[in-house]
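Asks: The structure file coords-v7.txt (compact mmCIF, C-alpha atoms) is provided below.
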# COMPACT_ATOMS: atom_id res chain seq x y z
CA MET A 232 0.00 0.00 0.00
CA PRO A 233 2.56 2.70 0.91
CA LYS A 234 4.78 1.79 -2.04
CA VAL A 235 2.08 2.62 -4.55
CA LYS A 236 1.43 6.05 -3.06
CA LYS A 237 5.09 7.01 -2.79
CA LYS A 238 5.35 7.87 -6.48
CA ARG A 239 3.22 11.01 -6.11
CA VAL A 240 5.16 14.18 -5.40
CA GLY A 241 2.58 16.94 -4.91
CA PHE A 242 -0.66 16.63 -3.07
CA VAL A 243 -3.89 18.58 -2.90
CA ILE A 244 -5.66 19.56 0.26
CA ASP A 245 -9.25 20.63 0.11
CA MET A 246 -9.10 24.09 1.60
CA THR A 247 -12.83 24.79 1.46
CA PRO A 248 -13.65 24.01 5.11
CA LEU A 249 -10.63 26.01 6.18
CA VAL A 250 -11.76 29.00 4.16
CA ASP A 251 -15.29 28.56 5.49
CA ILE A 252 -14.27 28.71 9.09
CA THR A 253 -11.74 31.47 8.52
CA PHE A 254 -14.29 33.65 6.83
CA LEU A 255 -16.72 32.97 9.62
CA LEU A 256 -14.20 34.07 12.21
CA LEU A 257 -13.16 37.03 10.10
CA THR A 258 -16.69 38.34 9.78
CA PHE A 259 -17.24 37.78 13.49
CA PHE A 260 -14.18 39.76 14.47
CA MET A 261 -14.89 42.44 11.90
CA PHE A 262 -18.33 43.07 13.31
CA THR A 263 -17.35 42.92 16.94
CA ALA A 264 -14.22 45.02 16.51
CA LYS A 265 -14.38 48.30 18.30
CA PHE A 266 -11.69 50.79 17.60
CA LYS A 267 -10.22 53.25 20.00
CA SER A 268 -12.19 56.44 20.21
CA GLU A 269 -10.55 59.73 19.46
CA ALA A 270 -10.39 60.59 23.12
CA GLU A 271 -8.70 57.32 23.97
CA ALA A 272 -6.16 57.86 21.25
CA GLU A 273 -5.28 61.24 22.72
CA GLN A 274 -5.00 59.83 26.20
CA LYS A 275 -1.46 59.75 27.52
CA PHE A 276 -2.08 58.25 30.92
CA PHE A 277 -3.13 54.82 32.06
CA ILE A 278 -5.91 54.19 34.54
CA GLU A 279 -5.61 51.21 36.83
CA ARG A 280 -9.27 50.58 37.54
CA PRO A 281 -10.48 49.32 40.91
CA LEU A 282 -11.67 45.74 41.07
CA ALA A 283 -15.30 44.93 41.69
CA SER A 284 -17.36 41.80 41.32
CA ALA A 285 -20.96 42.52 42.31
CA ASP A 286 -22.22 44.63 39.45
CA THR A 287 -21.98 43.18 35.99
CA SER A 288 -23.57 45.91 33.93
CA LYS A 289 -21.56 47.28 31.05
CA LEU A 290 -20.56 50.82 30.40
CA PRO A 291 -23.23 52.48 28.26
CA GLU A 292 -21.97 53.74 24.92
CA GLN A 293 -24.56 56.28 23.89
CA ASP A 294 -24.59 59.76 25.36
CA LEU A 295 -21.92 58.98 27.85
CA ALA A 296 -19.81 61.57 29.61
CA ILE A 297 -16.76 60.40 31.48
CA VAL A 298 -14.89 62.19 34.21
CA LYS A 299 -11.46 60.67 34.32
CA ILE A 300 -9.20 61.16 37.28
CA ALA A 301 -5.66 60.05 36.72
CA PHE A 302 -2.08 60.57 37.74
CA LEU A 303 -0.19 62.82 35.39
CA ASP A 304 2.98 60.75 35.46
CA SER A 305 4.35 57.57 36.95
CA THR A 306 5.53 59.28 40.13
CA LYS A 307 1.89 59.52 41.21
CA LYS A 308 2.29 63.00 42.62
CA ASP A 309 0.09 65.14 40.44
CA THR A 310 -3.48 64.30 39.78
CA SER A 311 -5.79 65.82 37.25
CA TYR A 312 -9.35 65.67 35.97
CA TYR A 313 -10.17 64.84 32.39
CA TYR A 314 -13.52 65.16 30.73
CA GLU A 315 -14.84 63.58 27.57
CA MET A 316 -18.15 62.81 25.92
CA THR A 317 -19.06 60.11 23.40
CA ASN A 318 -21.75 62.11 21.62
CA GLU A 319 -19.79 64.43 19.37
CA ASP A 320 -22.59 66.91 18.67
CA ASP A 321 -23.32 67.29 22.35
CA TRP A 322 -19.64 67.59 23.11
CA LYS A 323 -19.28 70.45 20.61
CA ALA A 324 -22.32 72.18 22.05
CA VAL A 325 -21.01 71.80 25.58
CA LYS A 326 -17.58 73.11 24.68
CA SER A 327 -18.93 76.13 22.83
CA GLY A 328 -21.05 77.00 25.87
CA VAL A 329 -18.12 77.09 28.25
CA GLU A 330 -15.91 80.15 28.40
CA GLY A 331 -12.17 80.14 28.72
CA LEU A 332 -11.30 77.25 26.44
CA THR A 333 -8.38 77.73 24.08
CA PRO A 334 -8.84 77.05 20.34
CA GLU A 335 -6.64 74.01 20.78
CA GLN A 336 -8.87 72.68 23.53
CA MET A 337 -11.90 73.16 21.30
CA GLN A 338 -10.37 70.61 18.93
CA ASN A 339 -9.44 68.03 21.53
CA ALA A 340 -11.70 65.12 22.26
CA GLN A 341 -10.46 64.87 25.79
CA LEU A 342 -9.92 67.88 28.00
CA GLN A 343 -7.61 68.18 30.93
CA VAL A 344 -9.52 70.42 33.27
CA SER A 345 -9.47 72.02 36.67
CA ILE A 346 -12.33 71.38 39.07
CA GLU A 347 -13.86 74.77 38.19
CA THR A 348 -13.83 74.10 34.46
CA LEU A 349 -15.13 70.61 35.15
CA GLU A 350 -18.07 72.09 37.00
CA ALA A 351 -18.79 74.49 34.13
CA LEU A 352 -18.62 71.61 31.64
CA ILE A 353 -20.90 69.39 33.69
CA LYS A 354 -23.39 72.18 34.23
CA ARG A 355 -23.42 72.77 30.49
CA THR A 356 -23.80 69.06 29.82
CA TYR A 357 -27.03 68.94 31.79
CA ILE A 358 -28.40 71.88 29.79
CA VAL A 359 -27.40 70.38 26.44
CA ASN A 360 -28.58 66.84 27.15
CA SER A 361 -30.01 65.92 30.51
CA GLU A 362 -30.17 62.26 29.44
CA THR A 363 -26.40 61.98 29.44
CA SER A 364 -25.16 59.19 31.64
CA MET A 365 -22.21 60.05 33.78
CA ALA A 366 -19.28 57.87 34.66
CA ILE A 367 -16.30 58.37 36.91
CA ASP A 368 -13.20 56.57 35.75
CA ALA A 369 -10.51 56.95 38.36
CA ASP A 370 -7.27 55.25 39.21
CA LYS A 371 -7.64 52.92 42.15
CA SER A 372 -4.79 54.38 44.15
CA ILE A 373 -6.00 57.93 43.81
CA ARG A 374 -6.91 59.82 46.98
CA PHE A 375 -10.62 59.74 47.59
CA LYS A 376 -10.70 63.53 47.90
CA TRP A 377 -10.55 63.82 44.12
CA VAL A 378 -13.44 61.45 43.59
CA SER A 379 -15.48 63.00 46.35
CA GLU A 380 -15.05 66.48 44.84
CA ALA A 381 -16.12 65.20 41.44
CA MET A 382 -19.13 63.55 43.07
CA ASP A 383 -20.08 66.80 44.77
CA VAL A 384 -19.92 68.61 41.46
CA LEU A 385 -22.07 65.94 39.81
CA SER A 386 -24.74 65.91 42.50
CA LYS A 387 -24.81 69.70 42.63
CA ASN A 388 -25.57 69.71 38.92
CA ARG A 389 -28.41 67.20 39.16
CA PHE A 390 -26.47 64.16 38.07
CA THR A 391 -27.38 62.14 41.15
CA LYS A 392 -27.01 58.82 39.40
CA PHE A 393 -23.68 57.89 37.93
CA ASN A 394 -21.34 55.00 37.41
CA TYR A 395 -17.94 54.05 38.67
CA VAL A 396 -15.92 52.35 35.97
CA THR A 397 -14.46 49.17 37.40
CA LYS A 398 -12.63 46.08 36.30
CA LYS A 399 -14.07 42.63 36.77
CA ARG A 400 -12.35 40.73 39.52
CA MET B 101 3.89 41.88 3.22
CA ALA B 102 2.27 42.61 -0.16
CA GLY B 103 5.31 41.38 -2.11
CA GLY B 104 5.31 38.04 -0.35
CA GLY B 105 1.63 37.58 -0.99
CA SER B 106 1.81 38.28 -4.71
CA LEU B 107 4.87 36.07 -5.12
CA GLY B 108 3.21 33.04 -3.61
CA GLY B 109 -0.04 33.70 -5.42
CA GLY B 110 1.67 34.11 -8.78
CA GLY B 111 3.61 30.88 -8.53
CA ARG B 112 0.63 28.83 -7.60
CA SER B 113 -1.72 30.33 -10.18
CA LYS B 114 0.72 29.50 -13.01
CA ARG B 115 0.66 25.88 -12.06
CA GLY B 116 -3.12 25.99 -11.87
CA LYS B 117 -3.41 27.49 -15.34
CA SER B 118 -1.14 24.95 -17.00
CA SER B 119 -3.02 22.01 -15.55
CA LYS B 120 -6.26 23.58 -16.61
CA ARG B 121 -5.15 23.89 -20.24
CA LYS B 122 -4.12 20.30 -20.45
CA SER B 123 -7.46 18.93 -19.33
CA LYS B 124 -9.96 21.15 -21.07
CA LYS B 125 -12.48 18.37 -21.30
CA ARG B 126 -13.09 18.37 -17.54
CA VAL B 127 -16.43 19.67 -16.38
CA GLY B 128 -15.50 20.84 -12.88
CA PHE B 129 -12.66 23.21 -12.19
CA VAL B 130 -10.20 23.72 -9.37
CA LEU B 131 -9.85 27.16 -7.90
CA ASP B 132 -6.60 27.83 -6.13
CA MET B 133 -7.72 29.19 -2.82
CA THR B 134 -4.27 29.79 -1.35
CA PRO B 135 -4.08 33.59 -1.88
CA LEU B 136 -7.60 33.90 -0.60
CA VAL B 137 -6.73 31.99 2.52
CA ASP B 138 -3.56 34.02 2.92
CA ILE B 139 -5.31 37.34 2.89
CA THR B 140 -8.18 36.10 5.00
CA PHE B 141 -5.85 34.81 7.67
CA LEU B 142 -3.99 38.08 7.62
CA LEU B 143 -7.19 40.04 8.18
CA LEU B 144 -8.36 37.56 10.76
CA THR B 145 -5.22 37.89 12.84
CA PHE B 146 -5.35 41.67 12.47
CA PHE B 147 -8.89 41.87 13.79
CA MET B 148 -8.22 39.30 16.48
CA PHE B 149 -5.36 41.32 17.90
CA THR B 150 -6.96 44.73 17.62
CA THR B 151 -10.31 43.92 19.20
CA THR B 152 -10.71 44.65 22.84
CA MET B 153 -13.15 42.09 24.10
CA ALA B 154 -13.23 43.25 27.69
CA THR B 155 -15.44 46.30 27.83
CA PRO B 156 -15.11 47.92 31.24
CA GLN B 157 -17.95 47.25 33.59
CA VAL B 158 -19.55 49.75 35.87
CA MET B 159 -20.80 50.05 39.40
CA GLU B 160 -23.87 52.19 39.75
CA MET B 161 -23.91 54.86 42.37
CA LYS B 162 -26.76 57.05 43.48
CA VAL B 163 -26.28 60.07 45.66
CA PRO B 164 -29.10 62.04 47.24
CA PRO B 165 -29.74 65.38 45.53
CA GLU B 166 -28.54 68.45 47.34
CA ILE B 167 -31.27 69.62 49.64
CA ASP B 168 -30.97 72.17 52.39
CA VAL B 169 -33.64 70.66 54.60
CA PRO B 170 -32.01 68.32 57.09
CA VAL B 171 -33.57 64.90 57.24
CA GLU B 172 -34.19 63.46 60.65
CA VAL B 173 -33.38 59.83 61.16
CA LYS B 174 -33.56 57.52 64.13
CA GLU B 175 -30.22 56.88 65.71
CA SER B 176 -31.01 53.20 66.05
CA GLU B 177 -31.47 52.93 62.29
CA LEU B 178 -28.07 54.29 61.52
CA LEU B 179 -24.98 52.24 60.80
CA SER B 180 -21.82 54.16 60.09
CA ILE B 181 -18.91 52.54 58.33
CA LEU B 182 -15.71 54.50 58.47
CA VAL B 183 -12.76 54.32 56.13
CA ASP B 184 -9.71 56.13 57.44
CA LYS B 185 -6.64 57.38 55.61
CA ASP B 186 -4.78 54.08 55.97
CA GLY B 187 -7.67 52.14 54.50
CA ASP B 188 -8.67 50.64 57.85
CA LEU B 189 -12.35 50.06 58.49
CA PHE B 190 -14.41 50.84 61.58
CA TYR B 191 -18.09 50.88 62.30
CA PHE B 192 -20.56 52.09 64.90
CA ARG B 193 -24.31 52.09 65.35
CA GLY B 194 -26.09 55.37 65.96
CA GLN B 195 -23.81 57.40 68.16
CA GLY B 196 -22.25 54.36 69.81
CA GLU B 197 -18.67 53.36 70.28
CA ALA B 198 -16.61 52.59 67.21
CA GLU B 199 -15.33 49.09 66.60
CA GLU B 200 -12.75 47.74 64.24
CA LEU B 201 -13.93 46.00 61.11
CA LYS B 202 -12.14 43.75 58.68
CA MET B 203 -12.93 43.84 54.98
CA LYS B 204 -13.91 40.17 54.98
CA ASP B 205 -16.39 40.68 57.85
CA LEU B 206 -18.03 43.64 56.19
CA ARG B 207 -20.47 41.62 54.11
CA ASN B 208 -21.71 39.60 57.08
CA LEU B 209 -22.08 42.71 59.17
CA ALA B 210 -24.14 44.41 56.47
CA ILE B 211 -26.39 41.35 56.11
CA LYS B 212 -26.83 40.90 59.86
CA GLU B 213 -27.57 44.53 60.56
CA ASN B 214 -30.01 44.75 57.69
CA LEU B 215 -31.92 41.68 58.85
CA ASN B 216 -32.45 43.24 62.25
CA GLN B 217 -34.03 46.35 60.80
CA ILE B 218 -35.29 45.27 57.47
CA ASN B 219 -35.57 48.09 54.91
CA ARG B 220 -35.09 50.68 57.59
CA LEU B 221 -31.39 50.59 58.20
CA ILE B 222 -29.41 53.46 56.75
CA ILE B 223 -25.78 52.77 56.04
CA VAL B 224 -23.57 55.82 56.06
CA LEU B 225 -20.19 55.38 54.52
CA LYS B 226 -17.81 57.94 55.94
CA VAL B 227 -14.65 58.18 53.93
CA SER B 228 -11.50 60.04 54.75
CA ASP B 229 -10.25 62.34 52.00
CA ASP B 230 -6.87 60.65 52.10
CA SER B 231 -8.04 57.08 51.70
CA GLU B 232 -7.56 55.32 48.41
CA TYR B 233 -10.38 55.24 45.89
CA GLY B 234 -9.78 51.52 45.37
CA THR B 235 -10.59 50.78 49.01
CA VAL B 236 -13.85 52.70 48.79
CA VAL B 237 -14.89 50.78 45.69
CA GLN B 238 -14.03 47.56 47.51
CA VAL B 239 -16.30 48.55 50.40
CA LEU B 240 -19.10 49.47 47.99
CA ASP B 241 -18.61 46.16 46.24
CA GLU B 242 -18.93 44.24 49.50
CA LEU B 243 -22.11 46.17 50.32
CA ASN B 244 -23.48 45.40 46.87
CA LEU B 245 -22.68 41.72 47.37
CA ALA B 246 -24.44 41.83 50.73
CA GLU B 247 -27.66 42.89 48.99
CA ALA B 248 -28.02 39.49 47.36
CA GLY B 249 -27.48 37.86 50.74
CA ILE B 250 -30.10 40.04 52.40
CA VAL B 251 -32.72 39.24 49.80
CA ASP B 252 -31.96 35.52 50.04
CA GLU B 253 -32.16 35.49 53.83
CA MET B 254 -35.40 37.41 53.85
CA ARG B 255 -37.00 35.10 51.32
CA VAL B 256 -36.16 32.13 53.50
CA LYS B 257 -37.22 33.90 56.67
CA ARG B 258 -40.57 35.06 55.36
CA ASN B 259 -41.07 32.09 53.09
CA GLN B 260 -42.07 34.27 50.19
CA PRO B 261 -40.88 33.94 46.62
CA THR B 262 -40.11 37.63 46.28
CA PHE B 263 -38.98 40.29 48.64
CA GLU B 264 -39.22 43.99 48.09
CA ARG B 265 -35.93 45.54 49.05
CA SER B 266 -35.42 49.24 49.45
CA ARG B 267 -31.89 50.22 50.11
CA LYS B 268 -30.83 53.21 52.12
CA PHE B 269 -27.30 54.27 51.68
CA THR B 270 -25.31 57.44 51.66
CA ILE B 271 -21.72 58.51 51.40
CA ALA B 272 -20.26 61.27 53.56
CA ASP B 273 -17.01 62.83 54.70
CA LEU B 274 -15.11 61.63 57.72
CA THR B 275 -15.52 64.32 60.37
CA GLU B 276 -13.23 65.33 63.22
CA ASP B 277 -15.56 63.64 65.69
CA ASP B 278 -15.31 60.38 63.82
CA MET B 279 -11.54 60.64 63.72
CA ALA B 280 -11.47 61.16 67.50
CA LYS B 281 -13.66 58.10 67.90
CA ILE B 282 -11.32 55.81 66.03
CA ALA B 283 -8.11 57.40 67.30
CA THR B 284 -8.04 55.19 70.40
CA LEU B 285 -8.54 52.10 68.28
CA LYS B 286 -5.33 52.76 66.40
CA PRO B 287 -2.59 52.63 69.02
CA GLN B 288 0.25 51.74 66.67
CA THR B 289 -0.08 54.63 64.27
CA GLY B 290 -0.90 57.07 67.07
CA GLY B 291 2.21 56.11 69.03
CA SER B 292 4.67 56.35 66.20
CA GLN B 293 3.79 59.89 65.27
For the structure just supplied, provide its representation as structure tokens.
Replies:
Amino acid sequence: MPKVKKKRVGFVIDMTPLVDITFLLLTFFMFTAKFKSEAEAEQKFFIERPLASADTSKLPEQDLAIVKIAFLDSTKKDTSYYYEMTNEDDWKAVKSGVEGLTPEQMQNAQLQVSIETLEALIKRTYIVNSETSMAIDADKSIRFKWVSEAMDVLSKNRFTKFNYVTKKR
Amino acid sequence: MAGGGSLGGGGRSKRGKSSKRKSKKRVGFVLDMTPLVDITFLLLTFFMFTTTMATPQVMEMKVPPEIDVPVEVKESELLSILVDKDGDLFYFRGQGEAEELKMKDLRNLAIKENLNQINRLIIVLKVSDDSEYGTVVQVLDELNLAEAGIVDEMRVKRNQPTFERSRKFTIADLTEDDMAKIATLKPQTGGSQ
């Protein structure tokens, strides 16, 4: 038996099932792929999110405004607020309603802000779209003072319900 | 990348063509799928590596709206959980004496206290400005996990399929009075300073 087959040099493999499954996977990944948003691309810092296990809801994608609180560098000395919104039209409207933003800041998708500017932005956000869902995305080793101040600003401006962005344990 | 692909494809297709010419009589035909597979695999790996499957999850938080009218609550219905600057936990009922609390006991405490005063207990989380945000989230997580336990226990206790749970919770700053209360419970840190 093996002697007869040995004469053949080339061989043909039926690739059809391989192509089938590859295309299936390809389409799956193409449809589920989510690319980095503009704001994330601009982001220079990394947020180590706190771990939580109880809540399993996902971060909403529509009309979301995120207050990010992160360390400016790896020494973990300076902390700053960042603000971004997923709805671009709303974001433009909010930015144009707030005074004191530089032309460069008007272009950015993510703003590094002081607590005063953050308050102005959040106030404006409620006027532009009161349905906006708020999220606080802070580094887990940040001092709670920063989060608590952001929470005060949110509740003062009628955003009494918001989300903490966490990582699944 | 593109050069390699075209090279391989070209070589194979030549062979395909020559064999096709020889046997023109054949009804079926063989399509060389190799370049197709090449490019598909390339795209597949690209998408596989660029997708971020793990979307961050969230923990919902509700704070009471700012109102100037003070709300009166019964002292007996109040459970304060304190988080100090070192991330240590303490608790006291009403205006009582503070006691130390470990993170792993927190869930049981929350369940036990809630069962005593079902749907009436108010948990006040008092957090020091200098504590870490991660610790606070951990405490909130434990309290969230306790909710499931409370509902389960109540269903068994009352022998009802459902149980209406209303949760009373608030977050506040750690005051000077609270700090004084826990100061005696922390002899090590107090002595070293």
Asks: Which is closest to chain B among A:Met261, A:Ala296, A:Leu332, A:Ala272, if we use all atoms listed in the file?
Replies: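 Closest residue, counting all atoms listed in the file: A:Met261.
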Asks: Can you pull out every residue within 9 Å of Gly249 (chain B), counting only C-alpha atoms, but drop anything in the same chain fewer than 4 positions away, and send it as JSON, numbers by chain?
Replies: {"B": [207, 208, 211, 245, 253, 254]}
Asks: Write down, as number ranges by chain, each residue of chain B that has any atom within 6 Å of an atom of chain A, counting all atoms listed in the file.
Replies: B: 144, 147, 151, 156-163, 165, 229-234, 241, 244-245
Asks: What is the CA of Leu274 (chain B)-CA of Leu182 (chain B) distance in Å, reported with one decimal?
Replies: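 Between these atoms lies a distance of 7.2 Å.
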Asks: Within 10 Å of Ala381 (chain A), counting only C-alpha atoms, which residues show up once you throw out same-chain ones fewer than 6 positions away? Write them as a tab-separated table (two decimals) with C-alpha atoms, in the coordinates of the input, please.
Replies:
chain	number	residue	atom	x	y	z
A	298	VAL	CA	-14.89	62.19	34.21
A	299	LYS	CA	-11.46	60.67	34.32
A	300	ILE	CA	-9.20	61.16	37.28
A	312	TYR	CA	-9.35	65.67	35.97
A	346	ILE	CA	-12.33	71.38	39.07
A	349	LEU	CA	-15.13	70.61	35.15
A	350	GLU	CA	-18.07	72.09	37.00
A	367	ILE	CA	-16.30	58.37	36.91
A	375	PHE	CA	-10.62	59.74	47.59
A	387	LYS	CA	-24.81	69.70	42.63
Asks: Between CA of Ala272 (chain B) and CA of Gly194 (chain B), what is the spacing in Å?
Replies: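 One can read the CA of Gly194 (chain B) to CA of Ala272 (chain B) distance as 14.9 Å.
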